[in-house]
$ cat upload_3.csv   # CSV, C-alpha atoms and all ligand atoms
chain,number,residue,atom,x,y,z
Q,29,MET,CA,-12.4,-18.7,4.2
Q,30,PRO,CA,-13.4,-20.4,0.9
Q,31,GLU,CA,-16.8,-19.2,-0.4
Q,32,GLU,CA,-18.3,-22.7,-0.4
Q,33,SER,CA,-17.8,-23.2,3.3
Q,34,ILE,CA,-20.2,-20.3,4.3
Q,35,GLN,CA,-23.3,-22.1,3.3
Q,36,HIS,CA,-23.6,-23.7,6.8
Q,37,ILE,CA,-23.1,-20.7,8.9
Q,38,ASN,CA,-25.9,-19.5,11.1
Q,39,PHE,CA,-25.4,-15.7,10.7
Q,40,GLU,CA,-27.7,-14.8,13.5
Q,41,GLU,CA,-25.5,-16.8,15.9
Q,42,LEU,CA,-22.4,-15.5,14.3
Q,43,ASN,CA,-23.3,-11.9,14.6
Q,44,LYS,CA,-24.1,-12.4,18.3
Q,45,LYS,CA,-20.6,-13.9,18.8
Q,46,ALA,CA,-18.8,-11.3,16.7
Q,47,ILE,CA,-16.4,-9.1,18.7
Q,48,SER,CA,-17.6,-6.0,16.8
Q,49,SER,CA,-20.4,-4.8,14.5
Q,50,PRO,CA,-20.2,-3.2,11.0
Q,51,LEU,CA,-19.3,0.5,11.4
Q,52,ILE,CA,-21.8,1.4,8.7
Q,53,SER,CA,-24.5,-0.7,7.1
Q,54,HIS,CA,-26.1,1.5,4.3
Q,55,ILE,CA,-23.2,0.6,1.9
Q,56,TYR,CA,-20.7,-2.2,1.8
Q,57,THR,CA,-17.1,-1.2,2.6
Q,58,ALA,CA,-13.8,-3.1,2.9
Q,59,ASP,CA,-10.0,-2.8,3.2
Q,60,PRO,CA,-10.2,0.0,5.9
Q,61,SER,CA,-7.1,2.2,6.0
Q,62,ALA,CA,-7.4,4.3,9.1
Q,63,HIS,CA,-5.5,7.4,10.2
Q,64,VAL,CA,-5.9,10.0,12.9
Q,65,PHE,CA,-5.7,13.5,11.4
Q,66,ASN,CA,-6.2,16.5,13.7
Q,67,GLY,CA,-7.5,14.2,16.5
Q,68,LYS,CA,-10.2,12.6,14.4
Q,69,ILE,CA,-10.3,9.1,12.8
Q,70,TYR,CA,-10.6,8.9,9.0
Q,71,ILE,CA,-11.1,5.6,7.3
Q,72,TYR,CA,-10.3,5.1,3.6
Q,73,PRO,CA,-12.0,1.9,2.6
Q,74,SER,CA,-12.9,0.2,-0.7
Q,75,HIS,CA,-16.6,0.7,-1.6
Q,76,ASP,CA,-18.0,-2.7,-2.4
Q,77,VAL,CA,-20.7,-3.1,-5.0
Q,78,ASP,CA,-22.4,-6.0,-6.7
Q,79,ALA,CA,-21.6,-5.5,-10.4
Q,80,GLY,CA,-22.7,-9.0,-11.3
Q,81,ASP,CA,-19.3,-10.4,-12.1
Q,82,ALA,CA,-18.8,-14.0,-11.2
Q,83,PHE,CA,-16.4,-15.1,-8.4
Q,84,ASP,CA,-13.0,-16.1,-9.7
Q,85,ASP,CA,-9.4,-16.4,-8.4
Q,86,LEU,CA,-8.4,-13.2,-10.2
Q,87,GLY,CA,-10.9,-11.2,-8.1
Q,88,SER,CA,-13.1,-10.1,-11.1
Q,89,HIS,CA,-16.1,-9.9,-8.7
Q,90,PHE,CA,-14.4,-7.0,-6.9
Q,91,ALA,CA,-15.6,-4.5,-9.5
Q,92,MET,CA,-15.6,-1.3,-7.4
Q,93,GLU,CA,-16.0,2.1,-9.0
Q,94,ASP,CA,-15.5,4.8,-6.4
Q,95,TYR,CA,-14.4,5.7,-2.9
Q,96,HIS,CA,-16.2,7.2,0.2
Q,97,VAL,CA,-14.3,8.4,3.2
Q,98,ILE,CA,-15.7,7.4,6.6
Q,99,SER,CA,-14.9,9.5,9.7
Q,100,MET,CA,-15.3,9.0,13.4
Q,101,ASP,CA,-14.8,11.3,16.4
Q,102,SER,CA,-13.5,8.3,18.4
Q,103,PRO,CA,-13.4,4.5,18.0
Q,104,GLU,CA,-16.7,4.2,19.9
Q,105,ALA,CA,-18.4,7.1,18.0
Q,106,GLU,CA,-20.9,6.9,15.2
Q,107,ALA,CA,-19.2,6.4,11.8
Q,108,VAL,CA,-20.1,9.0,9.2
Q,109,ASP,CA,-20.1,8.5,5.4
Q,110,ASN,CA,-18.8,11.7,3.8
Q,111,GLY,CA,-20.1,10.8,0.3
Q,112,LEU,CA,-18.3,10.4,-3.0
Q,113,ALA,CA,-14.6,11.2,-2.7
Q,114,LEU,CA,-13.4,9.9,-6.1
Q,115,HIS,CA,-15.0,8.0,-9.0
Q,116,VAL,CA,-13.1,5.9,-11.6
Q,117,ASP,CA,-14.7,7.9,-14.4
Q,118,ASP,CA,-12.7,11.0,-13.2
Q,119,VAL,CA,-9.4,9.2,-13.4
Q,120,PRO,CA,-8.0,9.5,-16.9
Q,121,TRP,CA,-5.7,6.5,-16.8
Q,122,ALA,CA,-8.0,4.0,-14.9
Q,123,GLU,CA,-10.7,1.8,-16.4
Q,124,LYS,CA,-12.0,-0.3,-13.4
Q,125,GLN,CA,-11.5,-2.1,-10.1
Q,126,MET,CA,-10.8,0.6,-7.6
Q,127,TRP,CA,-9.4,-1.7,-5.0
Q,128,ALA,CA,-8.0,-1.1,-1.5
Q,129,PRO,CA,-6.8,2.6,-1.1
Q,130,ASP,CA,-4.9,4.5,1.6
Q,131,ALA,CA,-4.4,8.2,2.3
Q,132,HIS,CA,-2.0,10.5,4.1
Q,133,GLU,CA,-1.6,14.2,5.0
Q,134,LYS,CA,1.2,16.6,4.3
Q,135,ASP,CA,1.3,20.3,5.0
Q,136,GLY,CA,-2.5,20.5,5.2
Q,137,ARG,CA,-3.2,18.7,2.0
Q,138,TYR,CA,-4.5,15.1,1.8
Q,139,TYR,CA,-3.4,12.5,-0.7
Q,140,LEU,CA,-5.5,9.5,-1.6
Q,141,PHE,CA,-3.5,6.6,-3.0
Q,142,PHE,CA,-5.4,4.0,-4.9
Q,143,PRO,CA,-4.9,1.0,-7.3
Q,144,ALA,CA,-7.0,0.5,-10.4
Q,145,LYS,CA,-6.7,-1.4,-13.7
Q,146,GLY,CA,-5.8,0.6,-16.7
Q,147,TYR,CA,-7.3,0.1,-20.1
Q,148,ASP,CA,-4.5,-2.4,-20.8
Q,149,GLY,CA,-5.8,-4.7,-17.9
Q,150,ILE,CA,-2.7,-3.9,-15.8
Q,151,PHE,CA,-3.0,-2.6,-12.2
Q,152,LYS,CA,-1.2,0.6,-11.3
Q,153,ILE,CA,-1.3,2.9,-8.4
Q,154,GLY,CA,-2.6,6.5,-8.6
Q,155,VAL,CA,-2.7,9.6,-6.4
Q,156,ALA,CA,-5.5,12.1,-6.0
Q,157,VAL,CA,-5.2,15.3,-3.9
Q,158,SER,CA,-7.6,17.3,-1.7
Q,159,ASP,CA,-7.6,20.2,0.8
Q,160,THR,CA,-9.7,18.2,3.2
Q,161,PRO,CA,-9.4,14.6,4.5
Q,162,THR,CA,-12.8,13.7,3.1
Q,163,GLY,CA,-12.3,14.9,-0.4
Q,164,PRO,CA,-13.4,15.2,-3.1
Q,165,PHE,CA,-10.0,14.3,-4.4
Q,166,ILE,CA,-8.6,15.5,-7.7
Q,167,PRO,CA,-6.6,12.7,-9.5
Q,168,GLN,CA,-3.2,13.1,-11.2
Q,169,PRO,CA,-3.6,12.6,-14.9
Q,170,GLU,CA,-1.2,9.6,-14.9
Q,171,ALA,CA,-0.6,6.7,-12.4
Q,172,ILE,CA,2.6,6.9,-10.3
Q,173,LYS,CA,5.5,6.2,-12.7
Q,174,ASP,CA,6.9,2.7,-12.2
Q,175,SER,CA,4.0,1.7,-9.9
Q,176,PHE,CA,2.3,-1.7,-10.3
Q,177,SER,CA,0.1,-4.2,-8.5
Q,178,ILE,CA,-2.4,-3.2,-5.7
Q,179,ASP,CA,-3.0,-2.3,-2.0
Q,180,PRO,CA,-0.9,0.8,-1.4
Q,181,ALA,CA,-0.3,1.7,2.3
Q,182,VAL,CA,1.6,4.9,3.1
Q,183,TYR,CA,3.5,5.3,6.3
Q,184,LYS,CA,5.0,8.5,7.6
Q,185,ASP,CA,8.1,8.0,9.6
Q,186,ASP,CA,9.2,10.2,12.5
Q,187,ASP,CA,11.9,11.9,10.3
Q,188,GLY,CA,9.2,13.1,7.9
Q,189,ASN,CA,9.8,10.6,5.1
Q,190,TYR,CA,6.8,8.8,3.6
Q,191,TYR,CA,7.0,5.2,2.4
Q,192,MET,CA,4.6,3.4,0.2
Q,193,TYR,CA,4.2,-0.4,0.8
Q,194,PHE,CA,2.2,-2.2,-1.9
Q,195,GLY,CA,1.6,-5.5,-3.8
Q,196,GLY,CA,-0.7,-8.4,-3.9
Q,197,ILE,CA,-0.4,-11.9,-5.6
Q,198,TRP,CA,-2.9,-13.7,-7.8
Q,199,GLY,CA,-5.4,-11.1,-9.1
Q,200,GLY,CA,-3.1,-8.4,-7.7
Q,201,GLN,CA,-0.6,-9.3,-10.5
Q,202,LEU,CA,2.6,-9.0,-8.3
Q,203,GLN,CA,3.9,-12.3,-9.6
Q,204,ARG,CA,3.8,-10.9,-13.2
Q,205,TRP,CA,6.5,-8.3,-12.3
Q,206,ARG,CA,9.3,-10.6,-11.1
Q,207,THR,CA,11.5,-9.6,-14.0
Q,208,GLY,CA,10.9,-5.9,-13.6
Q,209,SER,CA,8.4,-5.6,-16.4
Q,210,TYR,CA,4.8,-7.0,-16.8
Q,211,ASN,CA,4.7,-10.6,-18.0
Q,212,ALA,CA,1.5,-10.9,-20.0
Q,213,ALA,CA,1.9,-14.7,-20.7
Q,214,GLU,CA,-1.1,-16.9,-19.5
Q,215,PRO,CA,-3.4,-13.9,-18.9
Q,216,GLU,CA,-6.3,-15.9,-17.3
Q,217,SER,CA,-4.2,-17.7,-14.7
Q,218,PRO,CA,-3.7,-16.2,-11.2
Q,219,PHE,CA,-1.1,-18.8,-10.5
Q,220,ALA,CA,1.2,-18.5,-13.5
Q,221,HIS,CA,4.6,-16.9,-12.7
Q,222,LEU,CA,4.5,-17.6,-8.9
Q,223,PRO,CA,7.7,-19.0,-7.4
Q,224,HIS,CA,7.7,-22.8,-6.6
Q,225,ASP,CA,6.8,-23.8,-3.1
Q,226,LEU,CA,10.4,-24.3,-1.9
Q,227,GLU,CA,11.6,-20.9,-3.4
Q,228,PRO,CA,11.6,-17.7,-1.3
Q,229,ALA,CA,8.2,-16.2,-1.2
Q,230,LEU,CA,7.2,-13.2,-3.3
Q,231,CYS,CA,7.7,-10.0,-1.3
Q,232,ALA,CA,5.6,-6.9,-0.9
Q,233,LYS,CA,7.3,-3.8,-2.2
Q,234,VAL,CA,8.3,-0.5,-0.5
Q,235,ALA,CA,9.4,2.8,-2.0
Q,236,ARG,CA,10.1,6.2,-0.4
Q,237,LEU,CA,7.9,8.9,-1.9
Q,238,THR,CA,9.0,12.2,-3.3
Q,239,ASP,CA,8.6,15.3,-1.2
Q,240,ASP,CA,5.3,16.2,-3.1
Q,241,LEU,CA,4.0,12.6,-2.4
Q,242,LEU,CA,3.1,12.2,-6.1
Q,243,GLU,CA,5.9,9.8,-7.3
Q,244,PHE,CA,8.4,7.2,-6.1
Q,245,ALA,CA,11.7,8.8,-5.0
Q,246,GLU,CA,13.5,5.5,-5.7
Q,247,PRO,CA,13.0,2.1,-7.3
Q,248,ALA,CA,10.7,-0.1,-5.2
Q,249,ARG,CA,12.5,-2.7,-3.0
Q,250,ASP,CA,11.5,-6.1,-1.6
Q,251,VAL,CA,9.9,-6.2,1.9
Q,252,LEU,CA,11.7,-9.3,3.0
Q,253,ILE,CA,10.1,-11.4,5.7
Q,254,THR,CA,12.3,-14.0,7.4
Q,255,ASP,CA,11.8,-16.7,10.0
Q,256,GLU,CA,13.6,-16.5,13.4
Q,257,ALA,CA,16.7,-18.0,11.9
Q,258,GLY,CA,16.9,-15.2,9.3
Q,259,GLN,CA,15.8,-17.4,6.4
Q,260,PRO,CA,13.3,-15.9,3.9
Q,261,LEU,CA,9.8,-17.4,4.3
Q,262,LEU,CA,9.1,-19.8,1.4
Q,263,GLN,CA,6.3,-19.5,-1.1
Q,264,GLY,CA,4.8,-22.8,0.1
Q,265,ASP,CA,4.6,-21.5,3.7
Q,266,ASN,CA,1.0,-20.4,3.0
Q,267,ASP,CA,0.1,-19.8,6.7
Q,268,ARG,CA,2.9,-17.1,7.0
Q,269,ARG,CA,4.0,-15.8,3.6
Q,270,PHE,CA,2.8,-12.5,2.2
Q,271,PHE,CA,-0.2,-12.4,-0.1
Q,272,GLU,CA,-1.6,-8.8,0.0
Q,273,ALA,CA,-2.8,-6.0,2.3
Q,274,SER,CA,0.4,-4.4,3.5
Q,275,TRP,CA,0.4,-2.1,6.5
Q,276,LEU,CA,3.1,-0.5,8.6
Q,277,HIS,CA,3.0,0.8,12.2
Q,278,LYS,CA,5.7,1.7,14.6
Q,279,TYR,CA,5.6,0.6,18.3
Q,280,LYS,CA,8.3,1.4,20.8
Q,281,GLY,CA,10.9,2.2,18.0
Q,282,LYS,CA,10.2,-1.1,16.1
Q,283,TYR,CA,8.7,-1.3,12.7
Q,284,TYR,CA,5.7,-3.7,12.4
Q,285,PHE,CA,4.9,-4.8,8.9
Q,286,SER,CA,1.5,-6.6,8.8
Q,287,TYR,CA,-0.3,-8.3,5.9
Q,288,SER,CA,-2.8,-10.8,4.8
Q,289,THR,CA,-1.9,-14.4,3.9
Q,290,GLY,CA,-4.7,-14.4,1.4
Q,291,ASP,CA,-5.8,-18.0,0.7
Q,292,THR,CA,-5.1,-19.0,4.3
Q,293,HIS,CA,-7.0,-16.0,5.6
Q,294,TYR,CA,-4.8,-14.7,8.4
Q,295,ILE,CA,-3.6,-11.2,9.2
Q,296,CYS,CA,0.0,-11.7,10.3
Q,297,TYR,CA,2.9,-9.4,11.2
Q,298,ALA,CA,6.7,-9.3,11.2
Q,299,VAL,CA,9.0,-6.9,13.0
Q,300,GLY,CA,12.1,-4.9,11.8
Q,301,ASP,CA,14.5,-2.1,12.8
Q,302,ASN,CA,13.8,0.2,9.9
Q,303,PRO,CA,11.1,0.9,7.2
Q,304,TYR,CA,12.8,-1.3,4.6
Q,305,GLY,CA,13.2,-4.4,6.8
Q,306,PRO,CA,14.1,-7.2,6.8
Q,307,PHE,CA,11.2,-8.1,9.1
Q,308,THR,CA,11.2,-11.2,11.3
Q,309,TYR,CA,7.9,-13.1,11.3
Q,310,ALA,CA,6.2,-12.6,14.8
Q,311,GLY,CA,2.7,-14.1,14.7
Q,312,ARG,CA,-0.9,-13.6,13.8
Q,313,ILE,CA,-3.0,-10.5,14.6
Q,314,LEU,CA,-6.4,-11.8,13.3
Q,315,ASN,CA,-7.8,-15.2,12.7
Q,316,PRO,CA,-10.0,-15.9,9.7
Q,317,VAL,CA,-13.2,-13.8,9.2
Q,318,VAL,CA,-16.3,-14.7,7.3
Q,319,GLY,CA,-15.6,-14.0,3.6
Q,320,TRP,CA,-12.6,-14.9,1.5
Q,321,THR,CA,-10.5,-11.8,2.0
Q,322,SER,CA,-9.0,-10.3,5.2
Q,323,HIS,CA,-7.5,-6.8,5.0
Q,324,HIS,CA,-6.8,-4.4,7.9
Q,325,SER,CA,-5.0,-1.4,9.2
Q,326,ILE,CA,-3.7,-0.5,12.6
Q,327,ALA,CA,-3.9,3.0,14.2
Q,328,GLU,CA,-3.2,4.5,17.6
Q,329,TYR,CA,-5.9,6.6,19.2
Q,330,LYS,CA,-5.2,8.3,22.5
Q,331,GLY,CA,-2.6,5.7,23.6
Q,332,ASP,CA,-4.7,2.7,22.6
Q,333,TRP,CA,-4.2,0.6,19.5
Q,334,TYR,CA,-7.0,-0.4,17.1
Q,335,LEU,CA,-7.3,-3.0,14.3
Q,336,PHE,CA,-9.6,-1.9,11.5
Q,337,TYR,CA,-10.7,-4.9,9.5
Q,338,HIS,CA,-13.6,-6.3,7.5
Q,339,ASP,CA,-15.8,-9.3,7.2
Q,340,SER,CA,-18.8,-10.5,5.1
Q,341,SER,CA,-21.2,-11.0,8.0
Q,342,LEU,CA,-23.7,-8.3,7.0
Q,343,SER,CA,-24.1,-9.7,3.5
Q,344,LYS,CA,-24.4,-13.2,5.0
Q,345,GLY,CA,-21.1,-14.3,3.5
Q,346,VAL,CA,-21.0,-12.7,0.1
Q,347,THR,CA,-17.3,-12.5,-0.6
Q,348,HIS,CA,-17.3,-9.1,-2.4
Q,349,LEU,CA,-19.8,-7.4,-0.1
Q,350,ARG,CA,-17.9,-6.7,3.0
Q,351,SER,CA,-18.3,-4.4,6.1
Q,352,ILE,CA,-15.6,-2.5,8.0
Q,353,LYS,CA,-15.2,-3.1,11.7
Q,354,VAL,CA,-12.8,-2.0,14.5
Q,355,ALA,CA,-11.5,-3.8,17.6
Q,356,LYS,CA,-8.9,-3.0,20.2
Q,357,ILE,CA,-5.5,-4.8,20.0
Q,358,LYS,CA,-2.8,-5.0,22.6
Q,359,HIS,CA,1.0,-5.3,22.4
Q,360,ASP,CA,2.3,-7.3,25.4
Q,361,GLU,CA,5.4,-6.4,27.4
Q,362,ASN,CA,7.7,-8.0,24.8
Q,363,GLY,CA,5.9,-6.1,21.9
Q,364,TYR,CA,4.0,-9.2,20.7
Q,365,ILE,CA,0.4,-8.6,19.5
Q,366,LYS,CA,-2.2,-10.8,21.1
Q,367,THR,CA,-4.1,-12.7,18.3
Q,368,LEU,CA,-7.8,-11.7,18.0
Q,369,ASP,CA,-10.6,-14.2,17.2
Q,370,PRO,CA,-13.2,-12.2,15.3
Q,371,TYR,CA,-16.0,-14.3,16.8
Q,372,GLN,CA,-16.0,-15.3,20.5
Q,373,ASP,CA,-17.0,-18.9,19.7
Q,374,LEU,CA,-15.3,-20.4,16.7
Q,375,ASN,CA,-17.9,-23.1,16.5
Q,376,VAL,CA,-20.2,-20.6,14.8
Q,377,LEU,CA,-17.9,-21.0,11.7
Q,378,ALA,CA,-18.2,-24.8,11.6
Z,1,LIG,O1,-10.9,-5.2,-2.2
Z,1,LIG,C1,-10.3,-5.8,-3.3
Z,1,LIG,C2,-9.1,-6.6,-2.8
Z,1,LIG,O2,-9.6,-7.6,-1.9
Z,1,LIG,C3,-8.1,-5.8,-2.0
Z,1,LIG,O3,-7.3,-5.0,-2.8
Z,1,LIG,C4,-7.4,-7.0,-1.4
Z,1,LIG,O4,-6.5,-6.6,-0.3
Z,1,LIG,C5,-8.6,-7.8,-0.9
Z,1,LIG,O5,-9.1,-7.3,0.3
$ encode --input "upload_3.csv" --output "structure tokens" --more "lines below"
Ligand code: FUB
Amino acid sequence: MPEESIQHINFEELNKKAISSPLISHIYTADPSAHVFNGKIYIYPSHDVDAGDAFDDLGSHFAMEDYHVISMDSPEAEAVDNGLALHVDDVPWAEKQMWAPDAHEKDGRYYLFFPAKGYDGIFKIGVAVSDTPTGPFIPQPEAIKDSFSIDPAVYKDDDGNYYMYFGGIWGGQLQRWRTGSYNAAEPESPFAHLPHDLEPALCAKVARLTDDLLEFAEPARDVLITDEAGQPLLQGDNDRRFFEASWLHKYKGKYYFSYSTGDTHYICYAVGDNPYGPFTYAGRILNPVVGWTSHHSIAEYKGDWYLFYHDSSLSKGVTHLRSIKVAKIKHDENGYIKTLDPYQDLNVLA
């Protein structure tokens, strides 16, 4: 939702109609990556702050510096803030903009995957390690070799392999890597280097991780999303094409790749037969929330499925001050996910 359209919203009404409330309200949090470790829910969100940077299409106003891990005994339980888990000042290669992270567990150790801009202004993805799911996490001295762009999401398949999905266009810089190296031309423009509207859309990326989860085990591949006829979605298909916020979950043997359409503000999904795709576009999971961005994760808890997402209702529409939320989702008998409206009455957004 464009920032200018929020001026007219009655937030008291909107919060009454919202399908869920902020999980925590003493700090702003966004981009919730949720996992169930040892029967408990752990959420790895961005920690939003107001650093005073002006709104722009490169996302300069998202000037986050650290991460806090949020835990819950169940989706209905109180959410607990476990304090500082990692600060940008402790990451040797990173200068700023600690954007959407994710985490995973292997052999009793926990791995926090996070994007940040280096001192050269280029986003890379780093790893930090802890003996507990809540940290503090100790960062690796360098970013993951050959990593780039933003929004890592790590999926563990049933065979024990871990895959990282990542990428985001505009301020996430994915479009600058089309030739395999960073294209620094036209540095201020979020739109330079994008495909034309009738060309295949830019794809998210996926790479299997090494056994120690610290590096890519292979060059990153495209996460291709096609229409029902098997044709790649086009860049101008703004309501359906990938923008940012990758996530993967598996349901009844099928791989569900979900993502944000960015400037059209939908969380959509596509279904495939293996972790690499291709994935066939299948529909929308979440309609637009208050605030420009929409970013989610999907987790199963005791046989039910939950969408973790965010909106800017608590900050009364401030784009970069968001709050994480959770709502139940359902797959129907054919595996399709029923679209959620974040507010029961869409007129509250008019
Ligand atoms: O939180 C900063 C950025 O906003 C994330 O990396 C994007 O996915 C969007 O939510």
$ residues_near_ligand --input "upload_3.csv" --ligand "ligand LIG 1 (chain Z)" --cutoff "7 Å" --atoms "all atoms listed in the file" --output "JSON, numbers by chain"
{"Q": [58, 59, 74, 90, 127, 128, 178, 179, 272, 273, 321, 322, 323]}
$ closest_residue --input "upload_3.csv" --among "Q:Gly163, Q:Gly208, Q:Lys173, Q:Pro316" --to "Q:Ala245" --atoms "only C-alpha atoms"
Q:Lys173
$ atom_distance --input "upload_3.csv" --atom1 "atom CA of Q:Ile352" --atom2 "atom CA of Q:Tyr56"
8.0 Å
$ residues_around --input "upload_3.csv" --residues "Q:Asn266" --least-positions-apart "3" --cutoff "10 Å" --atoms "all atoms listed in the file" --output "PDB file with C-alpha atoms, in the coordinates of the input"
ATOM      1  CA  ASP Q 225       6.800 -23.800  -3.100  1.00  0.00           C
ATOM      2  CA  ALA Q 229       8.200 -16.200  -1.200  1.00  0.00           C
ATOM      3  CA  LEU Q 261       9.800 -17.400   4.300  1.00  0.00           C
ATOM      4  CA  LEU Q 262       9.100 -19.800   1.400  1.00  0.00           C
ATOM      5  CA  GLN Q 263       6.300 -19.500  -1.100  1.00  0.00           C
ATOM      6  CA  ARG Q 269       4.000 -15.800   3.600  1.00  0.00           C
ATOM      7  CA  PHE Q 270       2.800 -12.500   2.200  1.00  0.00           C
ATOM      8  CA  PHE Q 271      -0.200 -12.400  -0.100  1.00  0.00           C
ATOM      9  CA  THR Q 289      -1.900 -14.400   3.900  1.00  0.00           C
ATOM     10  CA  GLY Q 290      -4.700 -14.400   1.400  1.00  0.00           C
ATOM     11  CA  ASP Q 291      -5.800 -18.000   0.700  1.00  0.00           C
ATOM     12  CA  THR Q 292      -5.100 -19.000   4.300  1.00  0.00           C
ATOM     13  CA  HIS Q 293      -7.000 -16.000   5.600  1.00  0.00           C
ATOM     14  CA  TYR Q 294      -4.800 -14.700   8.400  1.00  0.00           C
TER      15      TYR Q 294
END
$ closest_residue --input "upload_3.csv" --among "Q:Asp117, Q:Glu328, Q:Asp255, Q:Asp186" --to "Q:Tyr297" --atoms "all atoms listed in the file"
Q:Asp255
$ atom_distance --input "upload_3.csv" --atom1 "atom CA of Q:Asp78" --atom2 "atom CA of Q:Ala91"
7.5 Å
$ residues_around --input "upload_3.csv" --residues "Q:Met100" --least-positions-apart "6" --cutoff "8 Å" --atoms "all atoms listed in the file" --output "mmCIF file with C-alpha atoms, in the frame of the given file"
data_model
loop_
_atom_site.group_PDB
_atom_site.id
_atom_site.type_symbol
_atom_site.label_atom_id
_atom_site.label_comp_id
_atom_site.auth_asym_id
_atom_site.auth_seq_id
_atom_site.Cartn_x
_atom_site.Cartn_y
_atom_site.Cartn_z
ATOM 1 C CA LYS Q 68 -10.200 12.600 14.400
ATOM 2 C CA ILE Q 69 -10.300 9.100 12.800
ATOM 3 C CA TYR Q 70 -10.600 8.900 9.000
ATOM 4 C CA GLU Q 106 -20.900 6.900 15.200
ATOM 5 C CA ALA Q 107 -19.200 6.400 11.800
ATOM 6 C CA VAL Q 108 -20.100 9.000 9.200
#
$ residues_around --input "upload_3.csv" --residues "Q:Ile197" --least-positions-apart "2" --cutoff "8 Å" --atoms "only C-alpha atoms" --output "PyMOL selection string"
chain Q and resi 195+199-203+218+271-272
$ residues_near_point --input "upload_3.csv" --point "(7.3, -4.3, 14.1)" --cutoff "10 Å" --atoms "all atoms listed in the file" --output "PyMOL selection string"
chain Q and resi 276-286+297-303+305+307-310+363-365
$ build_atoms --input "upload_3.csv" --residues "stretch 345-356 of chain Q" --atoms "N, CA, C and O atoms" --output "CSV table (one decimal), keeping the file's coordinate frame"
chain,number,residue,atom,x,y,z
Q,345,GLY,N,-22.2,-13.5,4.1
Q,345,GLY,CA,-21.1,-14.3,3.5
Q,345,GLY,C,-20.8,-14.1,2.1
Q,345,GLY,O,-19.9,-14.8,1.5
Q,346,VAL,N,-21.3,-13.0,1.5
Q,346,VAL,CA,-21.0,-12.7,0.1
Q,346,VAL,C,-19.6,-12.2,0.0
Q,346,VAL,O,-19.3,-11.1,0.6
Q,347,THR,N,-18.7,-12.8,-0.7
Q,347,THR,CA,-17.3,-12.5,-0.6
Q,347,THR,C,-17.0,-11.1,-1.0
Q,347,THR,O,-16.1,-10.5,-0.3
Q,348,HIS,N,-17.6,-10.5,-1.9
Q,348,HIS,CA,-17.3,-9.1,-2.4
Q,348,HIS,C,-18.2,-8.1,-1.8
Q,348,HIS,O,-18.2,-6.9,-2.3
Q,349,LEU,N,-19.0,-8.4,-0.8
Q,349,LEU,CA,-19.8,-7.4,-0.1
Q,349,LEU,C,-19.5,-7.4,1.4
Q,349,LEU,O,-20.1,-8.2,2.1
Q,350,ARG,N,-18.5,-6.6,1.7
Q,350,ARG,CA,-17.9,-6.7,3.0
Q,350,ARG,C,-18.2,-5.4,3.8
Q,350,ARG,O,-18.8,-4.4,3.3
Q,351,SER,N,-18.0,-5.5,5.2
Q,351,SER,CA,-18.3,-4.4,6.1
Q,351,SER,C,-17.1,-4.1,7.0
Q,351,SER,O,-16.5,-5.1,7.6
Q,352,ILE,N,-16.7,-2.8,7.1
Q,352,ILE,CA,-15.6,-2.5,8.0
Q,352,ILE,C,-16.0,-2.5,9.4
Q,352,ILE,O,-17.1,-2.2,9.8
Q,353,LYS,N,-15.0,-2.9,10.3
Q,353,LYS,CA,-15.2,-3.1,11.7
Q,353,LYS,C,-13.9,-2.6,12.4
Q,353,LYS,O,-12.9,-2.3,11.8
Q,354,VAL,N,-14.0,-2.4,13.7
Q,354,VAL,CA,-12.8,-2.0,14.5
Q,354,VAL,C,-12.8,-2.8,15.8
Q,354,VAL,O,-13.9,-3.0,16.4
Q,355,ALA,N,-11.6,-3.2,16.3
Q,355,ALA,CA,-11.5,-3.8,17.6
Q,355,ALA,C,-10.1,-3.4,18.2
Q,355,ALA,O,-9.2,-3.1,17.4
Q,356,LYS,N,-10.1,-3.3,19.5
Q,356,LYS,CA,-8.9,-3.0,20.2
Q,356,LYS,C,-7.9,-4.1,20.1
Q,356,LYS,O,-8.3,-5.3,20.2
